[in-house]
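Structure file final29.cif (mmCIF, C-alpha atoms) is printed below.
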data_coords
#
loop_
_atom_site.group_PDB
_atom_site.id
_atom_site.type_symbol
_atom_site.label_atom_id
_atom_site.label_comp_id
_atom_site.auth_asym_id
_atom_site.auth_seq_id
_atom_site.Cartn_x
_atom_site.Cartn_y
_atom_site.Cartn_z
ATOM 1 C CA MET A 1 148.950 76.095 -78.481
ATOM 2 C CA ASN A 2 148.325 72.408 -77.723
ATOM 3 C CA ARG A 3 151.231 70.323 -76.574
ATOM 4 C CA LYS A 4 151.793 67.115 -74.697
ATOM 5 C CA PRO A 5 152.337 67.685 -70.992
ATOM 6 C CA LYS A 6 155.843 66.893 -69.813
ATOM 7 C CA VAL A 7 156.608 64.636 -66.860
ATOM 8 C CA THR A 8 157.952 67.664 -65.016
ATOM 9 C CA ASP A 9 155.154 70.143 -65.833
ATOM 10 C CA GLY A 10 153.950 71.929 -62.740
ATOM 11 C CA LEU A 11 156.814 70.755 -60.573
ATOM 12 C CA THR A 12 158.422 73.701 -58.875
ATOM 13 C CA ARG A 13 160.342 71.582 -56.435
ATOM 14 C CA ARG A 14 162.801 68.879 -57.371
ATOM 15 C CA PRO A 15 161.200 65.409 -57.469
ATOM 16 C CA THR A 16 162.411 63.059 -54.782
ATOM 17 C CA HIS A 17 165.377 60.940 -55.816
ATOM 18 C CA PRO A 18 164.448 57.242 -55.535
ATOM 19 C CA GLY A 19 167.493 56.729 -53.317
ATOM 20 C CA ALA A 20 165.890 58.995 -50.727
ATOM 21 C CA ILE A 21 162.801 56.749 -50.754
ATOM 22 C CA LEU A 22 165.035 53.762 -50.044
ATOM 23 C CA ARG A 23 166.931 55.621 -47.324
ATOM 24 C CA GLU A 24 164.005 57.308 -45.587
ATOM 25 C CA ASP A 25 161.117 54.886 -46.096
ATOM 26 C CA VAL A 26 161.903 51.433 -47.451
ATOM 27 C CA LEU A 27 164.891 50.249 -45.414
ATOM 28 C CA PRO A 28 163.634 51.682 -42.099
ATOM 29 C CA ALA A 29 160.206 50.082 -42.640
ATOM 30 C CA LEU A 30 161.877 46.741 -43.352
ATOM 31 C CA ARG A 31 164.351 47.240 -40.492
ATOM 32 C CA LEU A 32 167.212 46.323 -42.794
ATOM 33 C CA SER A 33 170.750 47.629 -42.791
ATOM 34 C CA VAL A 34 172.330 48.809 -46.025
ATOM 35 C CA SER A 35 174.588 45.745 -45.948
ATOM 36 C CA GLU A 36 171.693 43.312 -45.556
ATOM 37 C CA ALA A 37 169.549 45.021 -48.184
ATOM 38 C CA ALA A 38 172.500 45.015 -50.607
ATOM 39 C CA ARG A 39 173.058 41.325 -49.955
ATOM 40 C CA GLN A 40 169.401 40.537 -50.641
ATOM 41 C CA LEU A 41 169.431 42.691 -53.777
ATOM 42 C CA GLY A 42 172.607 41.025 -55.039
ATOM 43 C CA VAL A 43 174.609 44.270 -55.254
ATOM 44 C CA THR A 44 177.519 45.681 -53.318
ATOM 45 C CA ARG A 45 176.949 47.768 -50.220
ATOM 46 C CA GLN A 46 178.795 50.599 -51.959
ATOM 47 C CA THR A 47 176.410 50.484 -54.939
ATOM 48 C CA LEU A 48 173.360 50.692 -52.710
ATOM 49 C CA HIS A 49 174.942 53.384 -50.552
ATOM 50 C CA ARG A 50 175.682 55.558 -53.626
ATOM 51 C CA ILE A 51 172.037 55.302 -54.700
ATOM 52 C CA MET A 52 170.800 56.118 -51.207
ATOM 53 C CA ALA A 53 173.207 59.077 -51.038
ATOM 54 C CA GLU A 54 171.669 60.295 -54.332
ATOM 55 C CA LYS A 55 175.048 60.054 -56.064
ATOM 56 C CA ALA A 56 173.991 57.262 -58.448
ATOM 57 C CA SER A 57 170.894 56.714 -60.553
ATOM 58 C CA ILE A 58 168.505 53.804 -60.651
ATOM 59 C CA THR A 59 169.417 51.799 -63.747
ATOM 60 C CA PRO A 60 166.970 49.429 -65.446
ATOM 61 C CA GLU A 61 168.849 46.530 -63.825
ATOM 62 C CA MET A 62 168.579 48.097 -60.376
ATOM 63 C CA ALA A 63 164.918 48.935 -61.024
ATOM 64 C CA ALA A 64 164.279 45.244 -61.757
ATOM 65 C CA ARG A 65 166.005 44.288 -58.504
ATOM 66 C CA LEU A 66 164.181 46.939 -56.449
ATOM 67 C CA GLY A 67 160.845 46.126 -58.074
ATOM 68 C CA ARG A 68 161.221 42.514 -57.016
ATOM 69 C CA PHE A 69 162.592 43.426 -53.569
ATOM 70 C CA CYS A 70 159.730 45.839 -52.813
ATOM 71 C CA GLY A 71 157.051 43.904 -54.679
ATOM 72 C CA ASN A 72 155.981 46.950 -56.705
ATOM 73 C CA GLY A 73 157.644 46.273 -60.066
ATOM 74 C CA PRO A 74 160.493 48.059 -61.832
ATOM 75 C CA GLY A 75 158.398 50.696 -63.601
ATOM 76 C CA LEU A 76 157.820 52.775 -60.487
ATOM 77 C CA TRP A 77 161.555 53.015 -59.778
ATOM 78 C CA LEU A 78 162.379 53.956 -63.372
ATOM 79 C CA ARG A 79 159.626 56.596 -63.486
ATOM 80 C CA MET A 80 160.872 58.163 -60.249
ATOM 81 C CA GLN A 81 164.417 58.305 -61.631
ATOM 82 C CA GLN A 82 163.189 59.672 -64.959
ATOM 83 C CA ALA A 83 161.191 62.447 -63.272
ATOM 84 C CA TYR A 84 164.205 63.390 -61.153
ATOM 85 C CA ASP A 85 166.660 63.353 -64.076
ATOM 86 C CA LEU A 86 164.371 65.256 -66.436
ATOM 87 C CA TRP A 87 163.606 67.955 -63.866
ATOM 88 C CA CYS A 88 167.339 68.453 -63.252
ATOM 89 C CA ALA A 89 168.188 68.466 -66.973
ATOM 90 C CA GLU A 90 165.498 71.006 -67.849
ATOM 91 C CA ARG A 91 166.746 73.381 -65.189
ATOM 92 C CA GLU A 92 170.386 72.860 -66.096
ATOM 93 C CA LEU A 93 169.720 73.558 -69.779
ATOM 94 C CA GLY A 94 167.249 76.385 -69.036
ATOM 95 C CA ALA A 95 167.850 79.217 -71.515
ATOM 96 C CA GLU A 96 169.513 76.905 -74.037
ATOM 97 C CA LEU A 97 166.283 74.906 -74.395
ATOM 98 C CA LYS A 98 164.312 78.109 -74.995
ATOM 99 C CA ARG A 99 166.534 78.906 -77.991
ATOM 100 C CA ILE A 100 165.657 75.614 -79.729
ATOM 101 C CA PRO A 101 162.814 76.088 -82.216
ATOM 102 C CA ILE A 102 159.704 73.928 -81.938
ATOM 103 C CA HIS A 103 158.733 72.055 -85.117
ATOM 104 C CA ARG A 104 155.367 70.388 -85.406
ATOM 105 C CA THR A 105 154.184 67.902 -87.999
ATOM 106 C CA SER A 106 150.606 66.923 -88.673
ATOM 107 C CA SER A 107 151.247 63.542 -86.996
ATOM 108 C CA ALA A 108 152.684 65.069 -83.805
ATOM 109 C CA ALA A 109 150.203 65.227 -80.956
#
Let me see whether you can do it: turn the structure in this file into structure tokens.
Amino acid sequence: MNRKPKVTDGLTRRPTHPGAILREDVLPALRLSVSEAARQLGVTRQTLHRIMAEKASITPEMAARLGRFCGNGPGLWLRMQQAYDLWCAERELGAELKRIPIHRTSSAA
């Protein structure tokens, strides 16, 4: 059975939330406080803190801000959030997903 690989295929552990990357790697490397980073990003300290506490997701708007801030573009931040969200959703839905039939068309790859 040929199927497209999913973003989360082969991942047995939860992908890292992008907020953890900010908390553990980015801000310490830049030697910036949450308040200063939030100011530079143009968001509230509370918004940035919620992301770093893994209580809020990276939105496309925040990805654009972080991509500029870190110089690595917004796509990386969105892909990290997508991998995290999809992994969580697939595990949360678990057995329910297995009950959904798979339909293939000749154009589906």
Quick one: everything within 12 Å of Arg50 (chain A), counting all atoms listed in the file, minus sequence neighbours fewer than 5 positions away in the same chain. Send it as a ChimeraX atom specification.
/A:17-20,22-23,34,38,43-45,55-58
Subject >> the PyMOL selection byres ((chain A and resi 82) around 12) applied to the shown file, residues as a VMD selection string >> reply: chain A and resid 6 to 8 14 to 18 57 to 60 63 75 to 81 83 to 90
Between CA of Ala53 (chain A) and CA of Gln40 (chain A) lies a distance of 18.9 Å
Students should find that CA of Met62 (chain A) and CA of Glu92 (chain A) are spaced 25.5 Å
| task | Write out as a list of chain:residue names the residues lying within 12 Å of Val26 (chain A), counting all atoms listed in the file and excluding same-chain residues fewer than 6 positions away. | result |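 Close residues of Val26 (chain A): A:Pro18, A:Gly19, A:Ala20, A:Leu32, A:Ser33, A:Val34, A:Ala37, A:Met52, A:Leu66, A:Gly67, A:Phe69, A:Cys70, A:Gly71, A:Asn72.
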Taken to one decimal, the CA of Arg65 (chain A)-CA of Asp25 (chain A) distance is 17.0 Å
Quick one: what's the axis-aligned box for region 11-19 of chain A, all listed atoms, 5 Å on every side, centre and edges in Å to one decimal, as JSON?
{"center_x": 162.2, "center_y": 65.2, "center_z": -56.9, "size_x": 20.7, "size_y": 27.0, "size_z": 17.3}
